[in-house]
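To start, the structure under review is shown below, and the notes come after it.
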Amino acid sequence: MERYIMHVDMDAFFASVEQRDHEEYRGKPVIVGGQSVRGVVATASYEARAFGVHSAMPMAIARRRCPEGIFVSGNHAHYQEVSQQIFGIFHDFSPAVEALSIDEAFLDISGMEKLMKNCRAYGQKLKKKIYLQTGLIASVGIAPNKFLAKLASDLEKPDGLVIIASGEIKRVLWPLPISRLWGVGGKTEERLHRLGYENIGQVAQAGEAELCKNFGQKLSRQLVKLANGRDDRLVETEREAQSVGNEVTFEQDIVTQEEAEAALLALAEKVGWRLRRVNCCARTIQLKVRLGDFTTYTRSRTLSAATCYDEDIYGVARELFHALHVHSGIRLLGITGSSFDIYGQASLFEDNHKKEELYSAIDGLKKRFGYDIINHLNAKKKKDK
Ligand code: TTP
Ligand code: MG
């Protein structure tokens, strides 16, 4: 059976949410990102991109290039809520959704297109539903595999809808520059250029043996496979994924133990929530700590029984953190849960039953009112005291 993979990516996501929420920003260059000295651009609206502003650019340069721009620091928790709403729609269109980032996913829609006249109609239907429910615009690519689907969604951004049918792979793919090959950038791209390869067709026609003269066999095989539009990776839902992780990079290095613990708790809550959402428990908890000078530590612990509860995940991460004896500023913290068991097969503590009840109540609220509801309630409680 032919596979159909859809890749969906929201256009200028953070900036579009700002333009949706503030009428006065519409049609104007909006730049979202850190406003501190070390701030970088998270994203720019398409109006701002015309001035040469793009993601990951230092904010100081963005201000120089686009002095008339509207600069906002943005609200990540809000974008996360919008993202959840969009992912809810993805799940209405496919049982197999693989999240790639906050605004981007692969959907395996094999067979689903039969519900409609064709793939294009299915893609249009998804775009329309996202627009009606969120007021935001997505670009969609549909193709026989992940590589081509992702490439397709980017080809006519913004507001794109591109289908690459199996019969037209060469026609669409071969004239494109080699930088469009998944994984080709920087050094590989430079070396390919020096050898005279400009477009994907040239790489495909060169073949593996020719490329092997200059590149390793593994890379050569991969390049030729992709250049011919072949990619057999499956769409991995979270349950099939090997791990669930979240990390946070601080605007400014944090220095106190309290700040680190607060960040670890927030991360543990995210990882726990994601595990519970897919009915999984993690047996291994990994902590990642990156210092201001980019020294990075990872430490992990494998538990005797798996867990999906925030407090357990936090407890392990906190112990791993204190055992590191970090004394200088911290740039990034991350927690990952891996080695999955299906929820219910394992229990870490005897009072698991109570925890199950508690967390299903918390998750119910989160599902109804958005992820941050519990934090809002806690903050309110503190204020009221
Ligand atoms: P992207 O999908 O890469 O970018 P985008 O949605 O802003 O624009 P488009 O897809 O139309 O090219 O990333 C999604 C969001 O992730 C983006 O709105 C902001 C955030 N982000 C960062 O915070 N830092 C980054 O370096 C990048 C690339 C994205
Ligand atoms: Mg996007």
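Quick note on naming: the chains in the structure tokens go A, B, ... in the order shown, residues restart at 1 in each chain, and ligands are numbered from 1 in order of appearance.
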
Step by step, measure atom-to-atom distances between ligand 2 and each residue using only C-alpha atoms and all ligand atoms, keep those at most 8 Å, then write them as a CSV table (one decimal) with all heavy atoms, in the first residue's frame.
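Ended up saving to out-v9.csv:
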```csv
chain,number,residue,atom,x,y,z
A,9,ASP,N,3.5,22.6,9.2
A,9,ASP,CA,4.4,23.5,9.9
A,9,ASP,C,3.7,24.9,9.9
A,9,ASP,O,3.4,25.4,8.8
A,9,ASP,CB,5.8,23.6,9.2
A,9,ASP,CG,6.8,24.4,10.0
A,9,ASP,OD1,6.4,25.5,10.6
A,9,ASP,OD2,7.9,24.0,10.0
A,10,MET,N,3.5,25.5,11.0
A,10,MET,CA,2.8,26.8,11.1
A,10,MET,C,3.7,27.9,10.6
A,10,MET,O,5.0,27.8,10.7
A,10,MET,CB,2.5,27.1,12.6
A,10,MET,CG,1.6,26.0,13.3
A,10,MET,SD,0.1,25.7,12.4
A,10,MET,CE,-0.7,27.3,12.6
A,11,ASP,N,3.1,28.9,9.9
A,11,ASP,CA,3.9,30.0,9.4
A,11,ASP,C,4.3,31.0,10.5
A,11,ASP,O,3.4,31.4,11.2
A,11,ASP,CB,3.1,30.7,8.3
A,11,ASP,CG,2.8,29.8,7.1
A,11,ASP,OD1,3.6,28.8,6.9
A,11,ASP,OD2,1.8,30.0,6.4
A,12,ALA,N,5.6,31.3,10.5
A,12,ALA,CA,6.1,32.3,11.5
A,12,ALA,C,5.3,32.2,12.8
A,12,ALA,O,4.8,33.2,13.3
A,12,ALA,CB,5.9,33.7,10.9
A,13,PHE,N,5.4,31.1,13.4
A,13,PHE,CA,4.4,30.7,14.5
A,13,PHE,C,4.3,31.8,15.6
A,13,PHE,O,3.2,32.3,15.8
A,13,PHE,CB,4.8,29.3,15.0
A,13,PHE,CG,3.8,28.8,16.1
A,13,PHE,CD1,2.5,28.9,15.8
A,13,PHE,CD2,4.3,28.3,17.3
A,13,PHE,CE1,1.6,28.4,16.8
A,13,PHE,CE2,3.4,27.8,18.2
A,13,PHE,CZ,2.0,27.9,18.0
A,103,ASP,N,5.5,23.7,16.7
A,103,ASP,CA,4.6,24.1,15.6
A,103,ASP,C,4.6,23.2,14.4
A,103,ASP,O,4.2,23.5,13.3
A,103,ASP,CB,4.8,25.5,15.1
A,103,ASP,CG,6.0,25.6,14.2
A,103,ASP,OD1,7.0,24.8,14.3
A,103,ASP,OD2,5.9,26.5,13.3
A,104,GLU,N,5.1,21.9,14.6
A,104,GLU,CA,5.4,21.1,13.4
A,104,GLU,C,5.3,19.6,13.7
A,104,GLU,O,5.7,19.2,14.8
A,104,GLU,CB,6.9,21.5,13.1
A,104,GLU,CG,7.5,20.8,12.0
A,104,GLU,CD,9.0,21.1,12.0
A,104,GLU,OE1,9.6,21.7,12.9
A,104,GLU,OE2,9.6,20.6,11.0
A,138,ALA,N,-1.2,27.5,8.4
A,138,ALA,CA,-0.2,26.4,8.4
A,138,ALA,C,0.2,26.1,6.9
A,138,ALA,O,-0.6,26.3,6.0
A,138,ALA,CB,-0.8,25.1,8.9
```

Around ligand 1, at most 8 Å away and counting only C-alpha atoms and all ligand atoms, which residues are there? Put them as a list in words, please.
-> Asp9, Met10, Asp11, Ala12, Phe13, Phe14, Ala15, Ser16, Val32, Gly33, Val41, Ala42, Thr43, Ala44, Ser45, Tyr46, Ser55, Ala56, Ser101, Ile102, Asp103, Glu104, Ser139, Asp154, Lys157 and Pro158 of chain A

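Using only C-alpha atoms, the residues found no farther than 9 Å from Ala99 (chain A), other than those of its own chain fewer than 4 positions away, are Phe87, Asp103, Glu104, Ala105, Phe106, Leu107, Glu236, Thr237 and Glu238 of chain A.
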
Prev. selection, N, CA, C and O atoms, output as a PDB file, in the first residue's frame:
```
ATOM      1  N   PHE A  87      -2.221  20.719  17.907  1.00  0.00           N
ATOM      2  CA  PHE A  87      -1.954  19.273  17.932  1.00  0.00           C
ATOM      3  C   PHE A  87      -3.236  18.476  18.140  1.00  0.00           C
ATOM      4  O   PHE A  87      -3.371  17.364  17.640  1.00  0.00           O
ATOM      5  N   ASP A 103       5.536  23.698  16.655  1.00  0.00           N
ATOM      6  CA  ASP A 103       4.578  24.081  15.597  1.00  0.00           C
ATOM      7  C   ASP A 103       4.624  23.153  14.391  1.00  0.00           C
ATOM      8  O   ASP A 103       4.195  23.515  13.313  1.00  0.00           O
ATOM      9  N   GLU A 104       5.123  21.944  14.592  1.00  0.00           N
ATOM     10  CA  GLU A 104       5.437  21.133  13.419  1.00  0.00           C
ATOM     11  C   GLU A 104       5.257  19.649  13.722  1.00  0.00           C
ATOM     12  O   GLU A 104       5.658  19.187  14.788  1.00  0.00           O
ATOM     13  N   ALA A 105       4.647  18.916  12.787  1.00  0.00           N
ATOM     14  CA  ALA A 105       4.458  17.479  13.018  1.00  0.00           C
ATOM     15  C   ALA A 105       4.340  16.714  11.709  1.00  0.00           C
ATOM     16  O   ALA A 105       3.989  17.285  10.671  1.00  0.00           O
ATOM     17  N   PHE A 106       4.652  15.417  11.802  1.00  0.00           N
ATOM     18  CA  PHE A 106       4.344  14.499  10.715  1.00  0.00           C
ATOM     19  C   PHE A 106       3.061  13.776  11.083  1.00  0.00           C
ATOM     20  O   PHE A 106       2.880  13.367  12.243  1.00  0.00           O
ATOM     21  N   LEU A 107       2.184  13.585  10.080  1.00  0.00           N
ATOM     22  CA  LEU A 107       0.969  12.800  10.288  1.00  0.00           C
ATOM     23  C   LEU A 107       0.980  11.681   9.254  1.00  0.00           C
ATOM     24  O   LEU A 107       1.165  11.960   8.057  1.00  0.00           O
ATOM     25  N   GLU A 236       6.782   8.213  13.990  1.00  0.00           N
ATOM     26  CA  GLU A 236       6.867   7.662  15.352  1.00  0.00           C
ATOM     27  C   GLU A 236       6.010   8.473  16.307  1.00  0.00           C
ATOM     28  O   GLU A 236       6.294   9.636  16.543  1.00  0.00           O
ATOM     29  N   THR A 237       5.002   7.850  16.855  1.00  0.00           N
ATOM     30  CA  THR A 237       4.227   8.567  17.860  1.00  0.00           C
ATOM     31  C   THR A 237       5.022   8.517  19.157  1.00  0.00           C
ATOM     32  O   THR A 237       5.991   7.772  19.259  1.00  0.00           O
ATOM     33  N   GLU A 238       4.608   9.283  20.164  1.00  0.00           N
ATOM     34  CA  GLU A 238       5.426   9.366  21.384  1.00  0.00           C
ATOM     35  C   GLU A 238       5.609   8.002  22.041  1.00  0.00           C
ATOM     36  O   GLU A 238       6.653   7.700  22.577  1.00  0.00           O
TER      37      GLU A 238
END
```

Find the spatial neighbours of Glu68 (chain A), counting only C-alpha atoms, within a cut-off of 10 Å - ignore same-chain residues fewer than 2 positions away - and output them as a list in words.
->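 Near Glu68 (chain A), the qualifying residues are Lys28, Pro29, Val30, Ala48, Arg63, Arg64, Arg65, Cys66, Ile70 and Phe71 of chain A.
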
Could you name the residues that touch Arg171 (chain A) at 12 Å or less, counting only C-alpha atoms, but leaving out those on the same chain fewer than 4 positions away, as a ChimeraX atom specification?
-> /A:164-167,175-176,200-201,227-229

Per DSSP on the backbone, what are the helix (DSSP H, G or I) residues of region 38-74 of chain A, as JSON, numbers by chain?
-> {"A": [46, 47, 48, 49, 59, 60, 61, 62, 63, 64, 65]}

Check region 66-180 of chain A with DSSP on the backbone and list each residue it calls strand (DSSP E or B), as a short mmCIF file (atom, residue, chain, number, x, y, z; two decimals) with N, CA, C and O atoms, in the first residue's frame.
```cif
data_model
loop_
_atom_site.label_atom_id
_atom_site.label_comp_id
_atom_site.auth_asym_id
_atom_site.auth_seq_id
_atom_site.Cartn_x
_atom_site.Cartn_y
_atom_site.Cartn_z
N ILE A 70 8.38 45.89 15.21
CA ILE A 70 7.73 45.79 16.52
C ILE A 70 8.42 44.63 17.24
O ILE A 70 8.37 43.49 16.78
N PHE A 71 9.11 44.94 18.33
CA PHE A 71 9.89 43.92 19.03
C PHE A 71 9.15 43.47 20.28
O PHE A 71 8.81 44.30 21.12
N VAL A 72 8.88 42.18 20.38
CA VAL A 72 8.18 41.68 21.57
C VAL A 72 8.92 40.47 22.15
O VAL A 72 9.52 39.70 21.42
N ALA A 96 -1.68 8.64 13.92
CA ALA A 96 -0.22 8.60 14.12
C ALA A 96 0.39 9.97 13.87
O ALA A 96 0.59 10.38 12.73
N VAL A 97 0.61 10.70 14.96
CA VAL A 97 1.14 12.06 14.88
C VAL A 97 2.52 12.06 15.55
O VAL A 97 2.64 11.63 16.69
N GLU A 98 3.52 12.53 14.85
CA GLU A 98 4.86 12.65 15.45
C GLU A 98 5.20 14.12 15.57
O GLU A 98 5.36 14.83 14.57
N ALA A 99 5.30 14.59 16.81
CA ALA A 99 5.63 16.00 17.03
C ALA A 99 7.11 16.21 16.77
O ALA A 99 7.95 15.45 17.23
N LEU A 100 7.43 17.25 16.00
CA LEU A 100 8.84 17.56 15.74
C LEU A 100 9.27 18.77 16.54
O LEU A 100 10.41 18.89 16.94
N SER A 101 8.34 19.70 16.72
CA SER A 101 8.63 20.87 17.54
C SER A 101 7.30 21.48 17.93
O SER A 101 6.25 20.89 17.67
N GLU A 104 5.12 21.94 14.59
CA GLU A 104 5.44 21.13 13.42
C GLU A 104 5.26 19.65 13.72
O GLU A 104 5.66 19.19 14.79
N ALA A 105 4.65 18.92 12.79
CA ALA A 105 4.46 17.48 13.02
C ALA A 105 4.34 16.71 11.71
O ALA A 105 3.99 17.29 10.67
N PHE A 106 4.65 15.42 11.80
CA PHE A 106 4.34 14.50 10.72
C PHE A 106 3.06 13.78 11.08
O PHE A 106 2.88 13.37 12.24
N LEU A 107 2.18 13.59 10.08
CA LEU A 107 0.97 12.80 10.29
C LEU A 107 0.98 11.68 9.25
O LEU A 107 1.17 11.96 8.06
N ASP A 108 0.84 10.45 9.70
CA ASP A 108 0.70 9.37 8.72
C ASP A 108 -0.77 9.34 8.32
O ASP A 108 -1.64 9.05 9.15
N ALA A 138 -1.21 27.48 8.37
CA ALA A 138 -0.21 26.41 8.35
C ALA A 138 0.20 26.15 6.92
O ALA A 138 -0.59 26.33 5.99
N SER A 139 1.44 25.70 6.73
CA SER A 139 1.86 25.19 5.43
C SER A 139 1.91 23.68 5.51
O SER A 139 2.34 23.12 6.53
N VAL A 140 1.45 23.03 4.42
CA VAL A 140 1.31 21.58 4.44
C VAL A 140 2.03 20.96 3.24
O VAL A 140 1.97 21.50 2.14
N GLY A 141 2.70 19.85 3.50
CA GLY A 141 3.30 19.07 2.42
C GLY A 141 2.82 17.64 2.53
O GLY A 141 2.73 17.10 3.63
N ILE A 142 2.48 17.03 1.39
CA ILE A 142 2.05 15.63 1.41
C ILE A 142 2.86 14.86 0.36
O ILE A 142 3.01 15.33 -0.77
N ALA A 143 3.41 13.73 0.80
CA ALA A 143 4.29 12.98 -0.09
C ALA A 143 4.37 11.53 0.39
O ALA A 143 3.85 11.21 1.46
N LEU A 161 0.59 24.60 0.14
CA LEU A 161 0.02 23.26 0.14
C LEU A 161 0.60 22.56 -1.09
O LEU A 161 0.19 22.85 -2.21
N VAL A 162 1.59 21.72 -0.86
CA VAL A 162 2.29 21.10 -1.98
C VAL A 162 2.20 19.58 -1.85
O VAL A 162 2.48 19.02 -0.79
N ILE A 163 1.78 18.94 -2.95
CA ILE A 163 1.69 17.49 -2.96
C ILE A 163 2.79 16.99 -3.90
O ILE A 163 2.93 17.50 -5.01
N PRO A 177 18.40 22.81 -5.04
CA PRO A 177 19.79 22.84 -4.58
C PRO A 177 20.07 21.75 -3.54
O PRO A 177 19.16 21.33 -2.81
#
```

Determine, counting only C-alpha atoms, which protein, DNA and RNA residues have an atom within 10 Å of an atom of Leu219 (chain A); residues of the same chain fewer than 3 positions away are not included. Present the result as a list in words.
-> Gly183, Val184, Thr188, Glu208, Leu211, Cys212, Phe215, Gly216, Gln222, Leu223, Val224 and Lys225 of chain A

Could you turn the residues from that selection into a file that holds N, CA and C atoms, as an mmCIF file, in the first residue's frame?
```
data_model
loop_
_atom_site.group_PDB
_atom_site.id
_atom_site.type_symbol
_atom_site.label_atom_id
_atom_site.label_comp_id
_atom_site.auth_asym_id
_atom_site.auth_seq_id
_atom_site.Cartn_x
_atom_site.Cartn_y
_atom_site.Cartn_z
ATOM 1 N N GLY A 183 19.866 16.818 6.156
ATOM 2 C CA GLY A 183 21.174 16.561 6.774
ATOM 3 C C GLY A 183 22.351 17.197 6.046
ATOM 4 N N VAL A 184 22.103 17.791 4.866
ATOM 5 C CA VAL A 184 23.214 18.438 4.155
ATOM 6 C C VAL A 184 23.234 19.922 4.490
ATOM 7 N N THR A 188 29.408 19.521 4.547
ATOM 8 C CA THR A 188 29.075 18.596 3.453
ATOM 9 C C THR A 188 28.656 19.385 2.219
ATOM 10 N N GLU A 208 26.274 6.039 -5.784
ATOM 11 C CA GLU A 208 26.986 5.796 -4.521
ATOM 12 C C GLU A 208 28.499 5.592 -4.729
ATOM 13 N N LEU A 211 30.355 8.877 -5.289
ATOM 14 C CA LEU A 211 30.420 9.715 -4.077
ATOM 15 C C LEU A 211 31.388 9.133 -3.055
ATOM 16 N N CYS A 212 31.458 7.799 -3.037
ATOM 17 C CA CYS A 212 32.336 7.118 -2.078
ATOM 18 C C CYS A 212 33.801 7.514 -2.237
ATOM 19 N N PHE A 215 33.432 10.700 0.008
ATOM 20 C CA PHE A 215 32.698 10.660 1.282
ATOM 21 C C PHE A 215 32.667 9.220 1.794
ATOM 22 N N GLY A 216 32.367 9.078 3.066
ATOM 23 C CA GLY A 216 32.250 7.734 3.644
ATOM 24 C C GLY A 216 31.098 6.984 2.988
ATOM 25 N N GLN A 222 23.340 7.328 2.022
ATOM 26 C CA GLN A 222 22.246 8.183 2.494
ATOM 27 C C GLN A 222 21.929 9.287 1.483
ATOM 28 N N LEU A 223 22.990 9.923 0.961
ATOM 29 C CA LEU A 223 22.793 11.025 0.010
ATOM 30 C C LEU A 223 22.090 10.547 -1.256
ATOM 31 N N VAL A 224 22.528 9.389 -1.765
ATOM 32 C CA VAL A 224 21.936 8.893 -3.011
ATOM 33 C C VAL A 224 20.479 8.469 -2.785
ATOM 34 N N LYS A 225 20.242 7.871 -1.640
ATOM 35 C CA LYS A 225 18.879 7.456 -1.304
ATOM 36 C C LYS A 225 17.939 8.672 -1.267
#
```
